[in-house]
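Visitor: The structure under discussion is supplied below as C-alpha cells; questions concerning it will follow.
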Amino acid sequence: MTKVRCLSVDGYQTIVIEDLQVSNMVRNHCLAFAIADASWGMFRQVLETKAGSAARRVIAVRPHCTSQNCSSCGEYVAKSLGVRTHVCPFCGYLADRD
C-alpha cells in the first residue's frame with residue numbers, strides 16, 4: 001500500500017511551479033490521456049486557490065531549461081531531454097530530473 005503524504009500551503013510562504021501550457025500539451029495524442037488523467041490544470045487551479053486563501057504566493061516560471069540549472073549550486077549544466085538524472089560536475093550534486 002502506498003502512503004500518500006499530504007502537504008499544506010501553510011508550510012510554505014512561496015510556491016514555485018512550471019507554467020505548463022496544458023491545453024497545448026494535450027494536443028499530443030500519445031500523451032493526452034495521461035496528462036488529462038493527472039489533472040495538471042485542476043491541480044494548479046486548486047493550488048492557487050488554496051495559496052491565495054492562506055495569503056501565500058504561487059509563482060509560475062517558464063518551463064524552458066528549468067532542469068538545466070543545478071538546484072544545489074546554481075551552475076548551468078546542459079543536458080538533452082533523454083537524460084533523466086542530473087549530475088552536477090561543479091558540486092557533485094545528484095538528483096532525478098523529475
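Residues are referred to by chain and number: the chain letter is A, B, ... according to the order shown in the C-alpha cells, the number counts from 1 in that chain, and ligands are numbered separately from 1 in the order shown.
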Show which residues sit within 9 Å of Arg84 (chain A), as a ChimeraX atom specification. Count only C-alpha atoms, and ignore same-chain residues fewer than 3 positions away.
Guide: /A:80-81,95-98
Visitor: Atoms to include: C-alpha atoms. Write the selected residues as a short mmCIF file (atom, residue, chain, number, x, y, z; two decimals), in the first residue's frame.
Guide:
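Result went into result-v7.cif, see below:
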data_model
loop_
_atom_site.label_atom_id
_atom_site.label_comp_id
_atom_site.auth_asym_id
_atom_site.auth_seq_id
_atom_site.Cartn_x
_atom_site.Cartn_y
_atom_site.Cartn_z
CA SER A 80 19.21 16.69 -23.53
CA LEU A 81 15.64 15.62 -22.73
CA ALA A 95 19.20 14.15 -8.45
CA ASP A 96 16.39 12.72 -10.55
CA ARG A 97 15.35 15.32 -13.12
CA ASP A 98 11.68 14.82 -12.42
#
Visitor: Can you pull out the residues contacting region 49-62 of chain A? Cut-off 6 Å, using only C-alpha atoms, and skip same-chain residues under 6 positions away; I want them as an MDAnalysis selection string.
Guide: chainID A and resid 9 13:19
Visitor: Restricting the calculation to only C-alpha atoms: of A:Pro89, A:Leu47, A:Gly41, A:Gly82, which residue gets closest to Gln21 (chain A)?
Guide: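 Nearest to Gln21 (chain A): A:Gly41.
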Visitor: One number please: CA of Val83 (chain A) to CA of His64 (chain A), in Å, one decimal.
Guide: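 A separation of 15.4 Å between them.
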Visitor: Using only C-alpha atoms, which residues sit within 12 Å of Val22 (chain A) once same-chain residues fewer than 2 positions away are excluded, as a list in words?
Guide: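 My reading of the contact set: Glu18, Asp19, Leu20, Asn24, Met25, Val26, Arg27, Asn28, Leu31, Ala32, Phe33, Ala34, Ile35, Ala36, Asp37, Ala38, Ser39, Trp40, Gly41, Met42, Phe43, Arg44 and Pro63 of chain A.
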Visitor: Please report the interatomic distance between CA of Gln68 (chain A) and CA of Cys88 (chain A) in Å with one decimal.
Guide: 9.8 Å
